[in-house]
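Structure file model.cif; described as mmCIF, C-alpha atoms and all ligand atoms.
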```
data_run
#
loop_
_atom_site.group_PDB
_atom_site.id
_atom_site.type_symbol
_atom_site.label_atom_id
_atom_site.label_comp_id
_atom_site.auth_asym_id
_atom_site.auth_seq_id
_atom_site.Cartn_x
_atom_site.Cartn_y
_atom_site.Cartn_z
ATOM 1 C CA MET A 136 9.362 86.606 61.588
ATOM 2 C CA PRO A 137 12.488 87.299 59.514
ATOM 3 C CA LEU A 138 13.837 90.838 59.733
ATOM 4 C CA THR A 139 13.708 92.774 56.463
ATOM 5 C CA PRO A 140 16.930 94.711 55.931
ATOM 6 C CA PRO A 141 16.388 98.470 55.534
ATOM 7 C CA ALA A 142 16.063 99.681 51.974
ATOM 8 C CA THR A 143 19.088 101.508 50.652
ATOM 9 C CA ALA A 144 18.472 105.093 49.549
ATOM 10 C CA ILE A 145 21.984 105.951 48.338
ATOM 11 C CA ARG A 146 24.812 103.649 47.395
ATOM 12 C CA VAL A 147 28.131 105.104 46.298
ATOM 13 C CA GLU A 148 30.571 102.483 45.058
ATOM 14 C CA ASN A 149 34.291 103.030 44.523
ATOM 15 C CA VAL A 150 33.951 106.549 43.224
ATOM 16 C CA CYS A 151 37.038 108.406 42.031
ATOM 17 C CA HIS A 152 37.211 112.030 40.995
ATOM 18 C CA ARG A 153 40.201 114.074 39.940
ATOM 19 C CA PHE A 154 40.617 117.743 39.136
ATOM 20 C CA GLY A 155 43.749 117.654 36.976
ATOM 21 C CA SER A 156 46.381 115.856 39.050
ATOM 22 C CA ASN A 157 44.461 116.451 42.304
ATOM 23 C CA THR A 158 42.665 113.247 43.371
ATOM 24 C CA VAL A 159 39.680 114.570 45.316
ATOM 25 C CA LEU A 160 37.590 111.404 45.745
ATOM 26 C CA ASN A 161 39.768 108.373 46.152
ATOM 27 C CA ASN A 162 37.789 105.168 45.671
ATOM 28 C CA LEU A 163 35.065 106.340 48.052
ATOM 29 C CA SER A 164 32.173 104.090 49.032
ATOM 30 C CA LEU A 165 29.176 104.938 51.198
ATOM 31 C CA THR A 166 25.751 103.432 51.763
ATOM 32 C CA VAL A 167 22.883 105.411 53.297
ATOM 33 C CA PRO A 168 19.722 103.528 54.290
ATOM 34 C CA GLN A 169 16.340 105.085 53.626
ATOM 35 C CA GLY A 170 15.256 107.690 56.164
ATOM 36 C CA THR A 171 18.757 108.215 57.556
ATOM 37 C CA ILE A 172 20.241 111.665 58.030
ATOM 38 C CA ILE A 173 23.973 111.360 57.654
ATOM 39 C CA ALA A 174 26.252 114.275 58.489
ATOM 40 C CA LEU A 175 29.460 114.522 56.516
ATOM 41 C CA LEU A 176 32.240 116.173 58.513
ATOM 42 C CA GLY A 177 35.780 116.831 57.434
ATOM 43 C CA PRO A 178 38.455 119.468 56.909
ATOM 44 C CA SER A 179 38.178 122.056 54.192
ATOM 45 C CA GLY A 180 39.229 120.674 50.822
ATOM 46 C CA CYS A 181 38.698 116.987 51.691
ATOM 47 C CA GLY A 182 36.055 116.562 48.963
ATOM 48 C CA LYS A 183 32.702 117.028 50.746
ATOM 49 C CA SER A 184 31.202 119.427 48.201
ATOM 50 C CA THR A 185 32.585 117.353 45.346
ATOM 51 C CA LEU A 186 30.788 114.281 46.698
ATOM 52 C CA LEU A 187 27.499 116.211 47.018
ATOM 53 C CA LYS A 188 27.825 117.623 43.494
ATOM 54 C CA LEU A 189 28.389 114.137 42.244
ATOM 55 C CA LEU A 190 25.237 112.903 43.991
ATOM 56 C CA ALA A 191 23.323 115.842 42.516
ATOM 57 C CA GLY A 192 24.607 115.094 39.013
ATOM 58 C CA LEU A 193 26.463 118.409 38.742
ATOM 59 C CA LEU A 194 29.781 116.559 38.358
ATOM 60 C CA HIS A 195 30.559 113.182 36.837
ATOM 61 C CA PRO A 196 33.054 110.841 38.487
ATOM 62 C CA ASP A 197 36.037 109.417 36.637
ATOM 63 C CA ALA A 198 35.171 105.964 37.961
ATOM 64 C CA GLY A 199 32.664 104.202 40.175
ATOM 65 C CA GLN A 200 28.920 103.861 40.400
ATOM 66 C CA VAL A 201 26.068 105.547 42.265
ATOM 67 C CA PHE A 202 22.601 104.092 42.917
ATOM 68 C CA PHE A 203 19.523 105.804 44.314
ATOM 69 C CA GLY A 204 17.421 102.937 45.590
ATOM 70 C CA THR A 205 17.638 100.335 42.853
ATOM 71 C CA GLN A 206 18.120 102.932 40.126
ATOM 72 C CA LYS A 207 21.624 103.383 38.779
ATOM 73 C CA VAL A 208 22.255 107.117 38.386
ATOM 74 C CA VAL A 209 25.952 106.995 37.470
ATOM 75 C CA ASP A 210 28.458 104.606 36.016
ATOM 76 C CA GLY A 211 31.449 104.924 33.723
ATOM 77 C CA ARG A 212 29.332 105.601 30.642
ATOM 78 C CA PHE A 213 26.098 107.036 31.970
ATOM 79 C CA SER A 214 24.964 109.879 34.231
ATOM 80 C CA LEU A 215 21.322 110.680 34.941
ATOM 81 C CA PRO A 216 20.881 114.473 34.492
ATOM 82 C CA PRO A 217 20.284 116.529 37.676
ATOM 83 C CA GLU A 218 16.661 117.369 36.818
ATOM 84 C CA LYS A 219 15.822 113.669 36.539
ATOM 85 C CA ARG A 220 17.212 112.874 40.005
ATOM 86 C CA ASP A 221 14.583 112.910 42.706
ATOM 87 C CA LEU A 222 16.426 115.211 45.103
ATOM 88 C CA GLY A 223 16.461 118.651 46.662
ATOM 89 C CA MET A 224 19.585 120.630 47.501
ATOM 90 C CA VAL A 225 20.377 123.504 49.862
ATOM 91 C CA PHE A 226 23.616 125.435 49.341
ATOM 92 C CA GLN A 227 25.667 127.626 51.657
ATOM 93 C CA ASP A 228 24.886 130.765 49.651
ATOM 94 C CA TYR A 229 21.114 130.018 49.348
ATOM 95 C CA ALA A 230 21.255 130.215 45.515
ATOM 96 C CA LEU A 231 17.818 131.838 45.132
ATOM 97 C CA TRP A 232 16.913 133.464 41.834
ATOM 98 C CA PRO A 233 16.970 137.211 42.578
ATOM 99 C CA HIS A 234 14.469 138.178 39.876
ATOM 100 C CA MET A 235 11.788 135.809 41.161
ATOM 101 C CA THR A 236 9.469 136.190 44.120
ATOM 102 C CA VAL A 237 9.741 133.830 47.060
ATOM 103 C CA ALA A 238 6.719 131.873 45.760
ATOM 104 C CA GLN A 239 8.220 131.601 42.260
ATOM 105 C CA ASN A 240 11.522 130.375 43.683
ATOM 106 C CA VAL A 241 9.802 127.709 45.760
ATOM 107 C CA ALA A 242 7.487 126.712 42.886
ATOM 108 C CA PHE A 243 10.371 126.058 40.491
ATOM 109 C CA PRO A 244 10.919 122.334 41.251
ATOM 110 C CA LEU A 245 7.163 121.745 40.870
ATOM 111 C CA GLN A 246 7.161 123.546 37.525
ATOM 112 C CA MET A 247 10.067 121.356 36.401
ATOM 113 C CA ARG A 248 7.977 118.316 37.299
ATOM 114 C CA GLY A 249 5.026 119.622 35.286
ATOM 115 C CA ILE A 250 2.675 120.050 38.236
ATOM 116 C CA ALA A 251 -0.389 122.167 37.418
ATOM 117 C CA ARG A 252 -0.690 125.673 38.832
ATOM 118 C CA PRO A 253 -3.481 125.190 41.435
ATOM 119 C CA LEU A 254 -1.709 122.248 43.081
ATOM 120 C CA ARG A 255 1.590 124.102 42.747
ATOM 121 C CA GLN A 256 0.260 127.086 44.680
ATOM 122 C CA GLN A 257 -1.146 124.865 47.377
ATOM 123 C CA ARG A 258 2.154 123.037 47.843
ATOM 124 C CA VAL A 259 4.231 126.237 47.776
ATOM 125 C CA LEU A 260 2.095 127.694 50.563
ATOM 126 C CA ALA A 261 2.360 124.486 52.587
ATOM 127 C CA ALA A 262 6.174 124.430 52.189
ATOM 128 C CA LEU A 263 6.501 128.112 53.157
ATOM 129 C CA ASP A 264 4.285 127.492 56.153
ATOM 130 C CA ARG A 265 6.543 124.622 57.236
ATOM 131 C CA VAL A 266 9.587 126.916 57.320
ATOM 132 C CA GLY A 267 7.714 129.744 59.086
ATOM 133 C CA LEU A 268 7.410 132.071 56.080
ATOM 134 C CA ALA A 269 3.700 131.859 55.326
ATOM 135 C CA ASP A 270 3.339 135.593 54.616
ATOM 136 C CA PHE A 271 6.426 136.019 52.456
ATOM 137 C CA GLU A 272 5.223 134.692 49.097
ATOM 138 C CA GLN A 273 5.387 137.952 47.191
ATOM 139 C CA ARG A 274 8.707 139.211 48.600
ATOM 140 C CA ARG A 275 11.944 139.157 46.630
ATOM 141 C CA PRO A 276 15.057 137.460 48.034
ATOM 142 C CA TYR A 277 16.899 140.799 48.469
ATOM 143 C CA GLU A 278 14.160 141.955 50.860
ATOM 144 C CA LEU A 279 14.901 139.063 53.209
ATOM 145 C CA SER A 280 17.553 138.423 55.863
ATOM 146 C CA GLY A 281 20.111 135.635 55.377
ATOM 147 C CA GLY A 282 18.159 133.351 57.694
ATOM 148 C CA GLN A 283 14.909 133.999 55.837
ATOM 149 C CA GLN A 284 16.603 133.377 52.494
ATOM 150 C CA GLN A 285 17.892 130.050 53.752
ATOM 151 C CA ARG A 286 14.364 129.131 54.895
ATOM 152 C CA VAL A 287 13.141 129.866 51.365
ATOM 153 C CA ALA A 288 15.900 127.643 49.964
ATOM 154 C CA LEU A 289 14.813 124.913 52.383
ATOM 155 C CA ALA A 290 11.172 125.281 51.295
ATOM 156 C CA ARG A 291 12.300 124.994 47.655
ATOM 157 C CA ALA A 292 14.279 121.830 48.466
ATOM 158 C CA ILE A 293 11.365 120.057 50.183
ATOM 159 C CA VAL A 294 8.390 121.318 48.147
ATOM 160 C CA ALA A 295 8.400 118.432 45.664
ATOM 161 C CA GLU A 296 8.901 115.885 48.460
ATOM 162 C CA PRO A 297 12.061 114.398 46.957
ATOM 163 C CA GLN A 298 13.475 111.048 48.069
ATOM 164 C CA ILE A 299 16.830 112.604 48.931
ATOM 165 C CA LEU A 300 17.928 115.944 50.401
ATOM 166 C CA LEU A 301 21.477 117.273 50.085
ATOM 167 C CA PHE A 302 22.798 120.095 52.262
ATOM 168 C CA ASP A 303 26.137 121.826 51.723
ATOM 169 C CA GLU A 304 27.003 123.799 54.876
ATOM 170 C CA PRO A 305 23.596 125.522 54.811
ATOM 171 C CA LEU A 306 24.078 127.432 58.066
ATOM 172 C CA SER A 307 27.683 128.547 57.823
ATOM 173 C CA ASN A 308 26.870 132.024 56.445
ATOM 174 C CA LEU A 309 24.616 132.803 59.409
ATOM 175 C CA ASP A 310 25.531 134.223 62.797
ATOM 176 C CA ARG A 311 25.729 131.934 65.792
ATOM 177 C CA ASP A 312 22.280 132.534 67.341
ATOM 178 C CA LEU A 313 20.499 132.141 64.050
ATOM 179 C CA ARG A 314 22.529 129.052 63.288
ATOM 180 C CA GLU A 315 21.354 127.418 66.506
ATOM 181 C CA THR A 316 17.715 128.351 65.919
ATOM 182 C CA LEU A 317 17.674 127.150 62.330
ATOM 183 C CA CYS A 318 19.592 124.003 63.221
ATOM 184 C CA THR A 319 16.961 123.049 65.801
ATOM 185 C CA GLU A 320 14.127 123.830 63.407
ATOM 186 C CA MET A 321 15.734 121.827 60.616
ATOM 187 C CA ALA A 322 16.311 118.855 62.913
ATOM 188 C CA VAL A 323 12.577 118.809 63.712
ATOM 189 C CA LEU A 324 11.562 119.275 60.088
ATOM 190 C CA LEU A 325 13.906 116.584 58.741
ATOM 191 C CA ARG A 326 12.648 114.062 61.267
ATOM 192 C CA GLN A 327 9.038 114.903 60.429
ATOM 193 C CA LEU A 328 9.721 114.434 56.734
ATOM 194 C CA GLY A 329 11.679 111.221 57.223
ATOM 195 C CA THR A 330 13.631 111.960 54.034
ATOM 196 C CA THR A 331 17.096 110.510 53.517
ATOM 197 C CA ALA A 332 19.599 113.352 53.796
ATOM 198 C CA VAL A 333 23.314 113.960 53.387
ATOM 199 C CA TYR A 334 24.248 117.009 55.442
ATOM 200 C CA VAL A 335 27.705 118.523 54.977
ATOM 201 C CA THR A 336 28.959 120.663 57.832
ATOM 202 C CA HIS A 337 32.223 121.462 59.577
ATOM 203 C CA ASP A 338 30.402 121.980 62.885
ATOM 204 C CA GLN A 339 30.401 118.950 65.176
ATOM 205 C CA GLN A 340 27.489 120.290 67.290
ATOM 206 C CA GLU A 341 25.357 120.879 64.232
ATOM 207 C CA ALA A 342 26.071 117.344 63.050
ATOM 208 C CA GLU A 343 25.130 115.907 66.451
ATOM 209 C CA ALA A 344 21.891 117.902 66.589
ATOM 210 C CA LEU A 345 20.748 116.871 63.144
ATOM 211 C CA ALA A 346 22.057 113.518 62.164
ATOM 212 C CA HIS A 347 21.539 109.857 62.948
ATOM 213 C CA ALA A 348 25.186 109.242 62.125
ATOM 214 C CA ILE A 349 28.349 111.215 61.406
ATOM 215 C CA ALA A 350 30.632 110.179 58.553
ATOM 216 C CA ARG A 351 34.157 111.555 58.849
ATOM 217 C CA MET A 352 35.840 112.298 55.598
ATOM 218 C CA LYS A 353 39.545 112.828 55.003
ATOM 219 C CA GLN A 354 41.460 113.200 51.766
ATOM 220 C CA GLY A 355 38.740 111.817 49.560
ATOM 221 C CA VAL A 356 37.626 108.804 51.596
ATOM 222 C CA ILE A 357 35.179 108.153 54.439
ATOM 223 C CA GLU A 358 37.419 107.304 57.392
ATOM 224 C CA ARG A 359 34.733 106.152 59.792
ATOM 225 C CA ILE A 360 31.102 106.529 60.782
ATOM 226 C CA ASP A 361 29.882 107.253 64.319
ATOM 227 C CA TYR A 362 26.357 106.390 65.356
ATOM 228 C CA LEU A 363 24.789 109.070 67.501
ATOM 229 C CA GLN A 364 21.787 107.338 68.928
ATOM 230 C CA LYS A 365 20.087 104.060 68.436
ATOM 231 C CA PRO A 366 19.027 104.591 64.842
ATOM 232 C CA ALA A 367 16.165 102.710 63.284
ATOM 233 C CA VAL A 368 18.519 101.898 60.459
ATOM 234 C CA SER A 369 22.314 102.084 60.401
ATOM 235 C CA PRO A 370 24.506 103.461 57.660
ATOM 236 C CA PHE A 371 27.785 101.768 56.906
ATOM 237 C CA VAL A 372 30.711 102.118 54.580
ATOM 238 C CA ALA A 373 30.586 99.439 51.907
HETATM 239 P P1 LIG B 401 35.275 120.606 50.696
HETATM 240 O O1 LIG B 401 33.849 120.843 50.293
HETATM 241 O O2 LIG B 401 35.461 119.391 51.538
HETATM 242 O O3 LIG B 401 35.897 121.799 51.334
HETATM 243 P P2 LIG B 401 35.734 120.427 47.828
HETATM 244 O O4 LIG B 401 35.012 119.203 47.433
HETATM 245 O O5 LIG B 401 35.092 121.732 47.530
HETATM 246 O O6 LIG B 401 36.126 120.321 49.379
HETATM 247 O O7 LIG B 401 37.152 120.453 47.140
HETATM 248 C C1 LIG B 401 38.058 119.364 47.219
HETATM 249 C C2 LIG B 401 39.309 119.683 46.421
HETATM 250 O O8 LIG B 401 38.990 119.820 45.045
HETATM 251 C C3 LIG B 401 40.002 120.972 46.825
HETATM 252 O O9 LIG B 401 41.387 120.745 46.734
HETATM 253 C C4 LIG B 401 39.548 121.950 45.784
HETATM 254 O O10 LIG B 401 40.491 122.952 45.595
HETATM 255 C C5 LIG B 401 39.385 121.088 44.561
HETATM 256 N N1 LIG B 401 38.349 121.563 43.644
HETATM 257 C C6 LIG B 401 37.029 121.690 43.930
HETATM 258 N N2 LIG B 401 36.338 122.105 42.850
HETATM 259 C C7 LIG B 401 37.238 122.266 41.854
HETATM 260 C C8 LIG B 401 37.142 122.656 40.480
HETATM 261 N N3 LIG B 401 35.969 122.966 39.931
HETATM 262 N N4 LIG B 401 38.274 122.693 39.758
HETATM 263 C C9 LIG B 401 39.468 122.347 40.299
HETATM 264 N N5 LIG B 401 39.633 121.952 41.584
HETATM 265 C C10 LIG B 401 38.527 121.906 42.352
HETATM 266 MG MG MG B 402 32.631 122.523 50.525
#
```
Starting from the coordinates I provided, produce the structure as structure tokens.
Amino acid sequence: MPLTPPATAIRVENVCHRFGSNTVLNNLSLTVPQGTIIALLGPSGCGKSTLLKLLAGLLHPDAGQVFFGTQKVVDGRFSLPPEKRDLGMVFQDYALWPHMTVAQNVAFPLQMRGIARPLRQQRVLAALDRVGLADFEQRRPYELSGGQQQRVALARAIVAEPQILLFDEPLSNLDRDLRETLCTEMAVLLRQLGTTAVYVTHDQQEAEALAHAIARMKQGVIERIDYLQKPAVSPFVA
């Protein structure tokens, strides 16, 4: 029987991005097959966050194209707005809305997708349960520890079951013990979900614990990709 090549979840082609005279992404290409967790490692300032923002639609590249599956989300003339991209994102600083309860924060992506309240509540509870915060629905973010806030952010990212998850150094504000605990929990959760993920970190151990492959970035390009175990599908630089 012929082998079917793995479907591509993300394809970045020859993307360039400049801030003034500073070339931050320099003709960068990257392909991530469906279901692959790829860690993006590299020194501060090499363009990791810029690449994630571009995938999220928060920035537009000066040149190049991006595809999610077969859908083009960016080219020279066109950029699909962030709310129309089927993705969830977790930031270093949690980025929860302080005036909303935990449940309201987590429900937000479902509201954006027009999902009716009864189903919304059900899915919010399921997502909070998955991150170990089943009893925290009515709390406010300021009543929670950093680790708990990041669990809420994770629940918000996964609640709508997006095709793609983006993480920008989600554990780097937490102390070492908590980082290890959450890293292990996230590794289990991400594998259960099977969602394609791009996970930015500057911590080699974290990358090894979480990812199928590690992409090393330097000065706006992907230098190389290391495969960590025998992955079902393999990412490669185009
Ligand atoms: P990393 O996440 O790898 O640390 P970034 O993608 O945040 O790197 O930044 C890459 C480069 O782009 C840095 O030199 C940074 O100073 C610059 N940069 C990032 N965002 C902006 C911005 N909004 N305006 C101007 N320069 C920026
Ligand atoms: Mg960054």
Taking all atoms listed in the file into account, report as a VMD selection string which residues have an atom no farther than 7 Å from an atom of ligand LIG 401 (chain B).
chain A and resid 154 157 159 177 to 186
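The residue set within 10 Å of Arg286 (chain A), counting only C-alpha atoms and dropping same-chain residues fewer than 4 places from it, reads Val225, Tyr229, Ala262, Leu263, Arg265, Val266, Gly267, Leu268, Ser280, Gly281, Gly282, Ala290, Arg291, Ala292, Pro305, Leu317 and Met321 of chain A.
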CA of Gly199 (chain A) to CA of Ala342 (chain A), distance in Å rounded to a single decimal:
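Pair CA of Gly199 (chain A) / CA of Ala342 (chain A) returns 27.2 Å.
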Chain and number of each residue from the PyMOL selection byres (((chain A and resi 227) around 10) and not hetatm), as a list in words:
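Here the PyMOL selection byres (((chain A and resi 227) around 10) and not hetatm) matches Val225, Phe226, Asp228, Tyr229, Ala230, Gln285, Ala288, Phe302, Asp303, Glu304, Pro305, Leu306, Ser307, Asn308, Leu309, Val335 and Thr336 of chain A.
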Can you tell me which residues surround Ile360 (chain A) at a distance of at most 7 Å, considering all atoms listed in the file, apart from same-chain residues fewer than 4 positions away, and format the answer as a PyMOL selection string?
chain A and resi 348-351+371
d(CA of Glu272 (chain A), CA of Arg252 (chain A)) in Å
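Taking CA of Glu272 (chain A) and CA of Arg252 (chain A), their separation equals 14.9 Å.
Atom to atom, CA of Leu279 (chain A) and CA of Pro253 (chain A) stand 25.9 Å apart.
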Mind telling me what the PyMOL selection byres (((chain A and resi 245) around 12) and not hetatm) catches here, as a PyMOL selection string?
chain A and resi 218+221+223+238-244+246-259+262+290-297
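Using all atoms listed in the file for every distance, the candidate list A:Lys188, A:Leu324, A:Pro276, A:Ile172 yields A:Leu324 as the residue closest to Asp264 (chain A).
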Applied to this file, what does the PyMOL selection byres (((chain A and resi 347) around 8) and not hetatm) return in terms of residues, put as JSON, numbers by chain?
{"A": [171, 172, 173, 174, 343, 345, 346, 348, 349, 362, 363, 364, 366]}
Determine, counting only C-alpha atoms, which protein, DNA and RNA residues have an atom within 7 Å of an atom of His152 (chain A); residues of the same chain fewer than 4 positions away are not included. Present the result as a list of chain:residue names.
A:Thr158, A:Val159, A:Leu160, A:Asn161, A:Pro196, A:Asp197
Emit the selected residues as an mmCIF file, keeping the file's coordinate frame, including C-alpha atoms.
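Saved result, out-v3.cif, follows:
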```
data_model
loop_
_atom_site.group_PDB
_atom_site.id
_atom_site.type_symbol
_atom_site.label_atom_id
_atom_site.label_comp_id
_atom_site.auth_asym_id
_atom_site.auth_seq_id
_atom_site.Cartn_x
_atom_site.Cartn_y
_atom_site.Cartn_z
ATOM 1 C CA THR A 158 42.665 113.247 43.371
ATOM 2 C CA VAL A 159 39.680 114.570 45.316
ATOM 3 C CA LEU A 160 37.590 111.404 45.745
ATOM 4 C CA ASN A 161 39.768 108.373 46.152
ATOM 5 C CA PRO A 196 33.054 110.841 38.487
ATOM 6 C CA ASP A 197 36.037 109.417 36.637
#
```
Could you give me, as a PyMOL selection string, the residues within 10 Å of Val147 (chain A), counting only C-alpha atoms and dropping anything in the same chain fewer than 5 positions from it?
chain A and resi 162-167+186+189-190+199-203+209+372-373
Shell around Ala142 (chain A) at 10 Å using all atoms listed in the file, local window under 6 positions removed, as a PDB file with C-alpha atoms, in the coordinates of the input:
```pdb
ATOM      1  CA  VAL A 167      22.883 105.411  53.297  1.00  0.00           C
ATOM      2  CA  PRO A 168      19.722 103.528  54.290  1.00  0.00           C
ATOM      3  CA  GLN A 169      16.340 105.085  53.626  1.00  0.00           C
ATOM      4  CA  GLY A 170      15.256 107.690  56.164  1.00  0.00           C
ATOM      5  CA  GLY A 204      17.421 102.937  45.590  1.00  0.00           C
ATOM      6  CA  THR A 205      17.638 100.335  42.853  1.00  0.00           C
ATOM      7  CA  VAL A 368      18.519 101.898  60.459  1.00  0.00           C
TER       8      VAL A 368
END
```
